[in-house]
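Asker: File structure-v1.cif follows (mmCIF, C-alpha atoms and all ligand atoms):
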```cif
data_target
#
loop_
_atom_site.label_atom_id
_atom_site.label_comp_id
_atom_site.auth_asym_id
_atom_site.auth_seq_id
_atom_site.Cartn_x
_atom_site.Cartn_y
_atom_site.Cartn_z
CA MET A 287 128.19 128.07 -69.80
CA ASN A 288 131.14 125.72 -70.25
CA ARG A 289 132.78 126.11 -73.67
CA ILE A 290 132.33 122.43 -74.48
CA ASP A 291 128.54 122.76 -74.05
CA THR A 292 128.45 125.66 -76.49
CA LEU A 293 130.71 123.91 -79.02
CA LEU A 294 129.04 120.49 -78.79
CA LYS A 295 125.40 121.58 -79.00
CA PRO A 296 125.30 122.22 -82.77
CA LEU A 297 127.17 118.95 -83.46
CA VAL A 298 124.65 116.46 -82.01
CA ASP A 299 120.87 116.10 -81.93
CA GLU A 300 118.77 117.30 -78.98
CA GLU A 301 118.36 113.87 -77.41
CA ARG A 302 122.10 113.27 -77.49
CA PHE A 303 122.86 116.68 -76.08
CA SER A 304 120.50 115.95 -73.14
CA LEU A 305 122.35 112.69 -72.54
CA PHE A 306 125.63 114.63 -72.44
CA GLU A 307 124.11 117.16 -70.03
CA SER A 308 122.72 114.53 -67.69
CA ILE A 309 126.05 112.67 -67.44
CA ALA A 310 127.85 116.00 -66.99
CA ARG A 311 125.47 116.84 -64.11
CA PHE A 312 126.16 113.46 -62.51
CA ALA A 313 129.91 114.08 -62.82
CA GLU A 314 129.64 117.57 -61.40
CA ASP A 315 127.46 116.53 -58.44
CA GLU A 316 128.86 113.14 -57.53
CA ILE A 317 132.41 112.95 -58.86
CA ALA A 318 133.89 116.46 -58.81
CA PRO A 319 133.35 117.15 -55.09
CA ASN A 320 134.91 113.81 -54.08
CA LEU A 321 137.83 113.55 -56.48
CA LEU A 322 140.52 115.00 -54.27
CA GLY A 323 139.53 112.84 -51.33
CA TRP A 324 139.60 109.69 -53.43
CA GLU A 325 142.93 110.60 -54.99
CA ARG A 326 144.62 111.61 -51.74
CA SER A 327 143.46 108.39 -50.07
CA LYS A 328 144.72 106.42 -53.11
CA SER A 329 141.35 104.84 -53.69
CA LEU A 330 140.14 103.35 -56.96
CA VAL A 331 136.77 104.47 -58.33
CA PRO A 332 134.48 103.57 -55.41
CA ASP A 333 132.08 100.66 -55.93
CA GLY A 334 129.14 102.99 -55.24
CA VAL A 335 130.12 105.19 -58.19
CA ILE A 336 130.48 102.17 -60.45
CA SER A 337 127.03 100.96 -59.48
CA LYS A 338 125.53 104.43 -60.01
CA MET A 339 127.08 104.52 -63.49
CA GLY A 340 125.55 101.05 -64.00
CA ASP A 341 122.13 102.34 -62.89
CA MET A 342 122.47 105.23 -65.35
CA GLY A 343 122.95 102.66 -68.11
CA LEU A 344 126.50 103.75 -68.96
CA PHE A 345 127.79 100.17 -69.20
CA GLY A 346 125.01 99.16 -71.57
CA LEU A 347 125.10 102.13 -73.94
CA PRO A 348 125.66 100.24 -77.24
CA ILE A 349 123.95 97.00 -76.18
CA PRO A 350 120.66 96.24 -77.99
CA ASP A 351 117.53 96.53 -75.84
CA GLU A 352 116.75 92.82 -76.28
CA TYR A 353 119.72 92.23 -73.95
CA GLY A 354 118.76 95.00 -71.53
CA GLY A 355 121.01 97.69 -72.99
CA GLN A 356 120.34 101.26 -74.10
CA ASP A 357 120.35 100.42 -77.82
CA GLY A 358 122.71 103.33 -78.44
CA GLN A 359 125.78 103.81 -80.57
CA MET A 360 129.40 104.87 -80.25
CA ILE A 361 128.32 108.52 -80.23
CA ASP A 362 126.60 107.93 -76.87
CA LEU A 363 129.75 106.48 -75.37
CA ILE A 364 131.81 109.38 -76.72
CA LEU A 365 129.44 111.88 -75.09
CA ALA A 366 129.82 110.00 -71.80
CA GLY A 367 133.60 110.14 -72.22
CA LEU A 368 133.62 113.89 -72.85
CA SER A 369 131.40 114.66 -69.87
CA LEU A 370 133.13 112.35 -67.36
CA SER A 371 136.70 113.14 -68.37
CA TYR A 372 136.01 116.85 -67.98
CA TRP A 373 136.35 116.10 -64.28
CA SER A 374 138.23 112.82 -64.18
CA PRO A 375 139.80 110.85 -67.03
CA SER A 376 140.29 107.94 -64.65
CA VAL A 377 136.60 107.74 -63.85
CA ALA A 378 135.74 108.15 -67.54
CA ILE A 379 137.92 105.26 -68.62
CA THR A 380 136.09 102.85 -66.32
CA PRO A 381 132.87 102.64 -68.37
CA GLY A 382 134.88 103.73 -71.44
CA ALA A 383 137.17 100.69 -71.46
CA ALA A 384 134.39 98.39 -70.22
CA VAL A 385 132.33 99.31 -73.29
CA SER A 386 134.78 100.21 -76.04
CA LEU A 387 137.29 97.43 -75.25
CA GLY A 388 135.10 94.95 -73.37
CA ILE A 389 131.58 94.94 -74.81
CA ASN A 390 132.25 96.09 -78.36
CA PRO A 391 134.32 93.03 -79.40
CA LEU A 392 131.61 90.76 -78.00
CA LEU A 393 128.93 92.65 -79.93
CA ARG A 394 130.95 92.43 -83.10
CA PHE A 395 132.54 89.00 -82.92
CA GLY A 396 130.56 87.04 -80.29
CA THR A 397 128.34 84.07 -81.10
CA ASP A 398 124.60 84.28 -80.34
CA GLN A 399 125.15 82.07 -77.30
CA GLN A 400 128.04 84.22 -76.00
CA LYS A 401 125.87 87.31 -76.38
CA LYS A 402 122.98 85.66 -74.51
CA ASP A 403 125.35 84.50 -71.78
CA HIS A 404 127.05 87.81 -71.15
CA LEU A 405 125.30 90.88 -72.55
CA PRO A 406 122.44 91.17 -70.00
CA ASP A 407 124.88 91.17 -67.08
CA LEU A 408 127.32 93.45 -68.91
CA ALA A 409 124.51 95.91 -69.72
CA ALA A 410 123.51 96.08 -66.06
CA GLY A 411 127.10 96.55 -64.88
CA ARG A 412 127.02 93.23 -63.00
CA ARG A 413 129.85 91.91 -65.19
CA MET A 414 132.80 93.63 -66.82
CA PHE A 415 135.12 92.44 -69.59
CA ALA A 416 138.72 93.71 -69.65
CA PHE A 417 140.97 93.82 -72.71
CA GLY A 418 144.03 91.60 -72.51
CA LEU A 419 146.29 92.59 -75.40
CA SER A 420 149.44 94.07 -73.82
CA GLU A 421 152.08 91.92 -72.16
CA PRO A 422 155.37 92.68 -70.40
CA GLY A 423 157.24 91.83 -73.63
CA ARG A 424 154.56 92.79 -76.18
CA GLY A 425 153.45 96.44 -76.27
CA SER A 426 153.32 98.13 -79.68
CA ASP A 427 154.43 94.86 -81.28
CA ALA A 428 151.28 93.05 -80.20
CA ALA A 429 150.52 90.79 -83.16
CA ASN A 430 152.57 87.88 -81.79
CA PRO A 431 151.64 87.38 -78.14
CA GLN A 432 153.91 85.52 -75.75
CA VAL A 433 150.84 84.27 -73.91
CA GLY A 434 150.39 80.87 -75.50
CA ALA A 435 147.28 78.74 -75.99
CA GLU A 436 148.15 75.07 -76.32
CA LYS A 437 145.55 72.88 -78.04
CA VAL A 438 144.37 70.03 -75.83
CA GLU A 439 141.41 67.67 -75.93
CA GLY A 440 138.21 69.78 -75.73
CA GLY A 441 139.88 73.19 -75.68
CA TYR A 442 143.10 75.05 -74.93
CA VAL A 443 145.47 75.72 -72.05
CA LEU A 444 146.69 79.30 -71.55
CA ARG A 445 150.08 80.22 -70.12
CA GLY A 446 151.74 83.61 -69.72
CA GLU A 447 150.99 87.12 -68.48
CA LYS A 448 149.03 90.17 -69.54
CA CYS A 449 149.70 93.61 -68.08
CA TRP A 450 148.29 97.14 -68.15
CA THR A 451 144.83 95.59 -68.07
CA THR A 452 142.40 98.43 -67.40
CA ASN A 453 139.47 97.56 -65.07
CA ALA A 454 141.17 94.33 -63.98
CA ALA A 455 140.03 94.88 -60.37
CA TRP A 456 136.37 94.78 -61.36
CA ALA A 457 136.61 92.46 -64.35
CA SER A 458 134.52 89.31 -64.35
CA HIS A 459 136.29 88.19 -67.55
CA ILE A 460 139.43 89.05 -69.51
CA VAL A 461 139.46 88.85 -73.30
CA VAL A 462 142.87 87.25 -73.72
CA HIS A 463 144.85 87.49 -76.95
CA ALA A 464 146.97 84.34 -77.17
CA MET A 465 149.27 82.65 -79.67
CA THR A 466 147.63 79.60 -81.25
CA ASP A 467 149.59 79.10 -84.47
CA PRO A 468 153.22 80.33 -84.26
CA SER A 469 153.95 79.15 -87.80
CA GLY A 470 150.93 80.92 -89.34
CA ARG A 471 150.96 84.12 -91.40
CA ASN A 472 151.76 87.30 -89.45
CA GLY A 473 148.48 88.66 -88.01
CA HIS A 474 146.86 85.20 -88.30
CA ARG A 475 148.64 83.40 -85.49
CA SER A 476 146.59 84.32 -82.47
CA THR A 477 143.12 83.74 -81.03
CA CYS A 478 141.01 85.61 -78.45
CA PHE A 479 139.48 83.79 -75.50
CA ILE A 480 136.86 85.01 -73.01
CA VAL A 481 138.40 83.90 -69.71
CA PRO A 482 136.60 84.22 -66.36
CA ARG A 483 138.86 86.06 -63.93
CA ASP A 484 137.98 83.55 -61.22
CA ARG A 485 138.98 80.53 -63.35
CA GLU A 486 141.53 78.27 -61.65
CA GLY A 487 145.07 79.39 -62.53
CA VAL A 488 144.19 83.06 -63.19
CA ALA A 489 145.96 85.47 -60.81
CA TYR A 490 145.31 89.21 -60.88
CA GLN A 491 147.21 91.87 -59.09
CA GLU A 492 146.96 95.64 -59.28
CA MET A 493 150.07 97.25 -60.85
CA GLU A 494 151.91 99.36 -58.31
CA GLY A 495 153.45 102.81 -58.62
CA LYS A 496 151.28 104.13 -61.45
CA THR A 497 151.26 107.95 -61.48
CA VAL A 498 148.46 108.45 -64.00
CA TRP A 499 144.74 107.58 -64.02
CA PRO A 500 144.94 107.14 -60.23
CA LEU A 501 141.34 106.01 -59.78
CA SER A 502 141.40 103.52 -62.62
CA SER A 503 142.31 99.90 -61.97
CA THR A 504 145.31 98.72 -63.99
CA GLY A 505 146.20 95.10 -63.40
CA SER A 506 148.60 92.42 -64.41
CA VAL A 507 146.97 89.05 -64.92
CA ALA A 508 148.92 85.80 -64.97
CA PHE A 509 147.64 82.58 -66.55
CA ASP A 510 149.10 79.43 -65.05
CA SER A 511 147.87 76.49 -67.16
CA VAL A 512 144.35 77.89 -67.42
CA LYS A 513 141.85 75.63 -69.23
CA VAL A 514 139.49 77.25 -71.69
CA SER A 515 136.89 75.59 -73.87
CA GLU A 516 136.26 76.08 -77.58
CA ASP A 517 133.01 77.86 -76.65
CA GLU A 518 135.13 80.54 -75.02
CA ILE A 519 136.85 81.50 -78.27
CA LEU A 520 135.87 85.03 -79.35
CA GLY A 521 135.85 85.40 -83.13
CA ASP A 522 137.70 83.03 -85.45
CA ILE A 523 140.48 80.64 -84.49
CA HIS A 524 143.74 82.37 -85.49
CA GLY A 525 141.66 85.53 -86.09
CA GLY A 526 142.47 87.06 -82.70
CA PHE A 527 144.59 89.95 -83.93
CA ARG A 528 141.72 91.11 -86.15
CA VAL A 529 139.41 91.12 -83.10
CA MET A 530 141.94 93.23 -81.20
CA VAL A 531 142.78 95.80 -83.88
CA THR A 532 139.16 96.23 -84.92
CA THR A 533 138.27 96.85 -81.29
CA LEU A 534 141.01 99.45 -80.95
CA ASN A 535 139.39 101.62 -83.64
CA GLY A 536 136.51 102.38 -81.27
CA GLY A 537 138.86 102.56 -78.29
CA ARG A 538 140.94 105.24 -80.00
CA LEU A 539 137.87 107.40 -80.57
CA PHE A 540 137.11 107.10 -76.87
CA VAL A 541 140.67 108.05 -75.92
CA ALA A 542 140.41 111.11 -78.20
CA ALA A 543 137.22 112.08 -76.33
CA VAL A 544 138.99 111.69 -73.00
CA ALA A 545 141.78 114.02 -74.19
CA LEU A 546 139.23 116.62 -75.29
CA GLY A 547 137.40 116.36 -71.96
CA SER A 548 140.67 117.32 -70.27
CA LEU A 549 141.23 120.19 -72.70
CA ALA A 550 137.68 121.42 -72.12
CA PHE A 551 138.21 121.48 -68.35
CA ALA A 552 141.54 123.28 -68.73
CA LEU A 553 139.97 125.89 -70.99
CA ASP A 554 137.18 126.74 -68.54
CA LYS A 555 139.45 126.68 -65.52
CA THR A 556 141.98 128.95 -67.21
CA ARG A 557 139.37 131.39 -68.55
CA GLY A 558 138.02 131.78 -65.04
CA TYR A 559 141.38 132.12 -63.34
CA VAL A 560 143.02 134.62 -65.69
CA GLN A 561 140.09 136.98 -65.27
CA GLU A 562 140.34 136.82 -61.47
CA ARG A 563 144.06 136.69 -60.77
CA GLU A 564 145.58 140.15 -60.60
CA GLN A 565 149.23 141.10 -61.13
CA PHE A 566 150.73 144.49 -62.08
CA GLY A 567 147.47 146.20 -61.21
CA GLY A 568 144.94 144.15 -63.12
CA ALA A 569 143.80 140.72 -64.30
CA ILE A 570 146.54 138.60 -65.90
CA GLY A 571 144.10 137.88 -68.74
CA ARG A 572 144.75 141.37 -70.11
CA PHE A 573 148.21 140.26 -71.26
CA GLN A 574 148.06 139.18 -74.87
CA ARG A 575 150.47 136.30 -74.25
CA VAL A 576 147.97 134.92 -71.77
CA GLN A 577 145.03 135.47 -74.12
CA ASP A 578 146.89 133.60 -76.86
CA VAL A 579 146.91 130.40 -74.80
CA VAL A 580 143.21 130.69 -74.01
CA LEU A 581 142.47 131.28 -77.68
CA GLU A 582 144.66 128.37 -78.79
CA MET A 583 142.78 126.08 -76.41
CA ASP A 584 139.42 127.24 -77.69
CA LEU A 585 140.47 126.80 -81.33
CA ALA A 586 141.83 123.34 -80.63
CA LEU A 587 138.72 122.26 -78.77
CA GLU A 588 136.37 123.51 -81.47
CA ARG A 589 138.40 122.04 -84.33
CA ASN A 590 139.05 118.64 -82.73
CA LEU A 591 135.57 118.25 -81.28
CA SER A 592 133.89 118.71 -84.63
CA TRP A 593 136.44 116.38 -86.29
CA LEU A 594 135.89 113.73 -83.61
CA ILE A 595 132.09 113.89 -83.71
CA GLN A 596 132.14 113.68 -87.51
CA LEU A 597 134.33 110.55 -87.32
CA VAL A 598 132.17 108.97 -84.64
CA HIS A 599 129.11 109.42 -86.86
CA ALA A 600 131.09 107.72 -89.66
CA TYR A 601 132.06 104.91 -87.26
CA ASP A 602 128.41 104.40 -86.37
CA LYS A 603 127.54 104.21 -90.08
CA GLY A 604 130.42 101.78 -90.69
CA THR A 605 132.28 104.15 -93.01
CA MET A 606 135.25 105.19 -90.85
CA ASP A 607 138.61 103.68 -91.73
CA ARG A 608 141.21 102.56 -89.24
CA GLU A 609 143.70 105.28 -90.05
CA GLN A 610 141.21 108.02 -89.24
CA ALA A 611 140.69 106.71 -85.70
CA ALA A 612 144.45 106.64 -85.19
CA LYS A 613 144.86 110.17 -86.57
CA VAL A 614 142.21 111.75 -84.38
CA LYS A 615 143.62 109.96 -81.30
CA ILE A 616 147.12 111.19 -82.11
CA ASP A 617 146.06 114.77 -82.70
CA CYS A 618 143.63 115.18 -79.79
CA SER A 619 146.09 113.68 -77.32
CA ARG A 620 149.07 115.70 -78.55
CA VAL A 621 147.30 119.02 -78.81
CA ALA A 622 145.54 118.64 -75.47
CA SER A 623 148.79 117.60 -73.70
CA THR A 624 150.69 120.61 -75.02
CA LEU A 625 147.94 123.09 -74.32
CA VAL A 626 147.20 121.84 -70.81
CA GLN A 627 150.91 122.36 -70.01
CA ASP A 628 150.66 125.87 -71.45
CA ALA A 629 147.51 126.48 -69.42
CA MET A 630 149.36 125.48 -66.25
CA GLU A 631 152.16 127.87 -67.09
CA ILE A 632 149.90 130.88 -67.59
CA CYS A 633 148.06 130.13 -64.35
CA GLY A 634 151.38 130.04 -62.47
CA GLY A 635 152.38 128.18 -59.32
CA VAL A 636 148.82 127.47 -58.22
CA ALA A 637 148.47 125.12 -61.19
CA CYS A 638 150.71 122.52 -59.59
CA LEU A 639 148.35 122.10 -56.63
CA ASP A 640 146.15 119.05 -56.90
CA GLU A 641 143.06 120.99 -55.85
CA PHE A 642 143.41 123.32 -58.87
CA GLY A 643 142.71 120.38 -61.18
CA LEU A 644 145.05 121.07 -64.10
CA ALA A 645 147.89 118.87 -62.83
CA ARG A 646 145.55 115.87 -62.80
CA HIS A 647 144.69 116.40 -66.45
CA ALA A 648 148.29 117.06 -67.46
CA ALA A 649 149.37 113.75 -65.90
CA ASP A 650 146.42 111.77 -67.24
CA LEU A 651 146.92 113.07 -70.77
CA PHE A 652 150.10 111.00 -70.91
CA VAL A 653 147.96 107.88 -71.19
CA THR A 654 146.09 109.27 -74.18
CA ARG A 655 149.43 109.54 -76.03
CA VAL A 656 150.62 106.04 -75.23
CA GLY A 657 147.50 103.96 -74.62
CA GLU A 658 145.56 102.10 -77.34
CA GLY A 659 148.54 102.33 -79.64
CA SER A 660 151.42 104.65 -78.83
CA ASN A 661 151.17 107.79 -80.98
CA ARG A 662 154.61 107.31 -82.52
CA ALA A 663 153.97 103.67 -83.42
CA LEU A 664 150.66 104.72 -85.01
CA MET A 665 152.47 107.51 -86.89
CA SER A 666 154.80 104.88 -88.32
CA GLN A 667 151.80 102.94 -89.63
CA ILE A 668 150.23 106.05 -91.14
CA SER A 669 153.51 107.03 -92.81
CA ARG A 670 153.41 103.77 -94.77
CA SER A 671 150.28 104.84 -96.59
CA LEU A 672 151.64 108.37 -97.14
CA LEU A 673 154.90 107.08 -98.62
CA PRO A 674 153.76 103.93 -100.46
CA ASP A 675 156.77 103.70 -102.81
CA ILE A 676 159.19 103.21 -99.90
CA ALA A 677 156.72 101.67 -97.42
CA ASP A 678 158.76 98.47 -97.06
CA GLU A 679 161.88 100.42 -96.14
CA LEU A 680 160.29 102.59 -93.44
CA GLN A 681 161.36 102.07 -89.81
C1 LIG B 701 147.28 103.37 -67.86
C2 LIG B 701 147.35 102.40 -69.01
C3 LIG B 701 146.26 101.58 -69.27
C4 LIG B 701 146.34 100.61 -70.29
N1 LIG B 701 145.27 99.77 -70.51
C5 LIG B 701 145.42 98.72 -71.36
C6 LIG B 701 144.40 97.72 -71.48
O1 LIG B 701 143.30 97.82 -70.91
N2 LIG B 701 144.66 96.63 -72.25
C7 LIG B 701 145.83 96.48 -72.94
O2 LIG B 701 145.98 95.47 -73.62
N3 LIG B 701 146.80 97.42 -72.88
C8 LIG B 701 146.62 98.53 -72.10
N4 LIG B 701 147.61 99.48 -72.00
C9 LIG B 701 148.88 99.27 -72.70
C10 LIG B 701 149.07 100.21 -73.87
O3 LIG B 701 148.23 99.86 -74.92
C11 LIG B 701 150.57 100.15 -74.24
O4 LIG B 701 151.24 100.91 -73.25
C12 LIG B 701 150.85 100.67 -75.62
O5 LIG B 701 150.36 99.80 -76.59
C13 LIG B 701 152.37 100.85 -75.86
O6 LIG B 701 153.07 99.70 -75.50
P1 LIG B 701 154.34 99.84 -74.52
O7 LIG B 701 153.92 100.70 -73.38
O8 LIG B 701 154.78 98.46 -74.21
O9 LIG B 701 155.40 100.62 -75.33
P2 LIG B 701 156.48 100.00 -76.36
O10 LIG B 701 155.81 99.15 -77.36
O11 LIG B 701 157.60 99.44 -75.59
O12 LIG B 701 156.96 101.32 -77.10
C14 LIG B 701 157.69 102.35 -76.40
C15 LIG B 701 157.83 103.51 -77.33
O13 LIG B 701 158.65 103.13 -78.46
C16 LIG B 701 158.24 103.85 -79.59
N5 LIG B 701 157.81 102.90 -80.63
C17 LIG B 701 157.40 101.63 -80.47
N6 LIG B 701 157.09 101.08 -81.66
C18 LIG B 701 157.31 102.04 -82.60
C19 LIG B 701 157.16 102.10 -84.00
N7 LIG B 701 156.70 101.06 -84.71
N8 LIG B 701 157.45 103.27 -84.62
C20 LIG B 701 157.87 104.34 -83.92
N9 LIG B 701 158.04 104.33 -82.58
C21 LIG B 701 157.76 103.21 -81.94
C22 LIG B 701 157.05 104.73 -79.17
O14 LIG B 701 157.51 106.01 -78.84
C23 LIG B 701 156.54 104.02 -77.94
O15 LIG B 701 155.84 104.88 -77.05
C24 LIG B 701 147.52 100.50 -71.04
C25 LIG B 701 148.59 101.37 -70.80
C26 LIG B 701 148.52 102.30 -69.80
C27 LIG B 701 149.70 103.21 -69.54
#
```
Go ahead and express the file in the form of structure tokens.
Ligand SMILES: Cc1cc2nc3c(=O)[nH]c(=O)nc-3n(C[C@H](O)[C@H](O)[C@H](O)COP(=O)(O)OP(=O)(O)OC[C@H]3O[C@@H](n4cnc5c(N)ncnc54)[C@H](O)[C@@H]3O)c2cc1C
Answerer:
Amino acid sequence: MNRIDTLLKPLVDEERFSLFESIARFAEDEIAPNLLGWERSKSLVPDGVISKMGDMGLFGLPIPDEYGGQDGQMIDLILAGLSLSYWSPSVAITPGAAVSLGINPLLRFGTDQQKKDHLPDLAAGRRMFAFGLSEPGRGSDAANPQVGAEKVEGGYVLRGEKCWTTNAAWASHIVVHAMTDPSGRNGHRSTCFIVPRDREGVAYQEMEGKTVWPLSSTGSVAFDSVKVSEDEILGDIHGGFRVMVTTLNGGRLFVAAVALGSLAFALDKTRGYVQEREQFGGAIGRFQRVQDVVLEMDLALERNLSWLIQLVHAYDKGTMDREQAAKVKIDCSRVASTLVQDAMEICGGVACLDEFGLARHAADLFVTRVGEGSNRALMSQISRSLLPDIADELQ
């Protein structure tokens, strides 16, 4: 039995554990055997896989059944993230970003009409929303976007560029964070708009040269005088930054799950290999220095998995605070990155071959450290609450 199955079982109810198992089976049967081929041919997640994930209901997990969704919660999405990222973080992030960054802000901030217009198609995987926060000149410092929304008769006109937009290739709409009131209070200057990707003036292109999440689409999207109506505003006017940061709380939990999926794979792979590989007359797993790494991975997986699941339950009850999501994302991504590197080292040269699997996870873990708020920028925010007397002086 995989270690993650053993460790997860006591943390969730039976129905949830079966959901985890069924997605894990899908990943093992339909994703794992094809991964290398897709990666070596530089393909994105094939359309057939996206539609199968749609048929399984993965895109509609938190959507109420009145809109055709699964009526689930964040915990269901997290279980999907753990099971898919065990094999491929870049496959996992496809439904992960579509739901945590695309559907969740609509569920939370959308009007009744916006929900009626979009949720049934989003639940079925016929539409996908992508999250347009980052820009070439606005990464960690995202509160004041350079994409501008100029007020005109009957709506707004958007100009500027978003980048690093996950799922851009498949997105029907981009939720665009744009400046609407440059002279407003910090954090109250921007507004979110739901913009169809095929609207006149919107130009998407896939970002080139990316060495992580190879199967995931990452686009840059330019807006050349794109007209949007007031009905396409998501949330409050000048309340766009709140929409974005609230959404990132859920996104960070998902990223933490993706990191733990990678750690879980590395643990099983390494346990298997060090018991088979022989040097100096026996299995390399008999060396205590090798055992230490296996043990460290198991401890980290157990500790972080139970922390994450506990926080996700709090998120679903509405009692998790923002800092906790940042902390668990920071810790899971850091610990998993370090330990997967250690795992590669104790497996030796074979670990750098793509077919061995560890190198994929080591590369993809980079995104968990930088994406959805770079760890170090988040650490700066957390330090402010730890050192309140000098918070204004902290850099
Ligand atoms: C594969 C991938 C997919 C992504 N998907 C999306 C998406 O779907 N939508 C979206 O909007 N964005 C997306 N992003 C963008 C991601 O959120 C940003 O990369 C992240 O916010 C950091 O911004 P930056 O890369 O511009 O780094 P910068 O902001 O330039 O920061 C660089 C580094 O400076 C340091 N730093 C910055 N600020 C501070 C601070 N305050 N304190 C301490 N150190 C600091 C950190 O070490 C940080 O890593 C994606 C990124 C990647 C790599």
Asker: List as a PyMOL selection string the protein and nucleic acid residues lying within 9 Å of ligand LIG 701 (chain B), with only C-alpha atoms and all ligand atoms counted.
Answerer: chain A and resi 376+383-384+387+416-428+448-454+462-463+496-500+502-505+530+650+652-667+681
Asker: Which residues are near A:Leu625? Cut-off 7 Å, only C-alpha atoms, ignore same chain within fewer than 4 positions. Put them as a list in words.
Answerer: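 That gives Met583, Val621 and Ala629 of chain A.
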Asker: Could you jot down the atom CA of A:Asp578 to atom CA of A:Leu294 separation for me, Å, one decimal place?
Answerer: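 Rounded to one decimal, the two atoms are 22.2 Å apart.
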Asker: Might you pull out every residue within 8 Å of stretch 559-565 of chain A, with all atoms listed in the file counted and same-chain residues fewer than 4 positions away left off, and present them as number ranges by chain?
Answerer: A: 555, 569-571, 576, 633
Asker: Have a look at atom CA of A:Lys603 and atom CA of A:Phe527 and let me know their distance in Å, one decimal.
Answerer: 23.1 Å
Asker: Find the distance between atom CA of A:Glu314 and atom CA of A:Val331 and write it in Å to one decimal.
Answerer: 15.2 Å
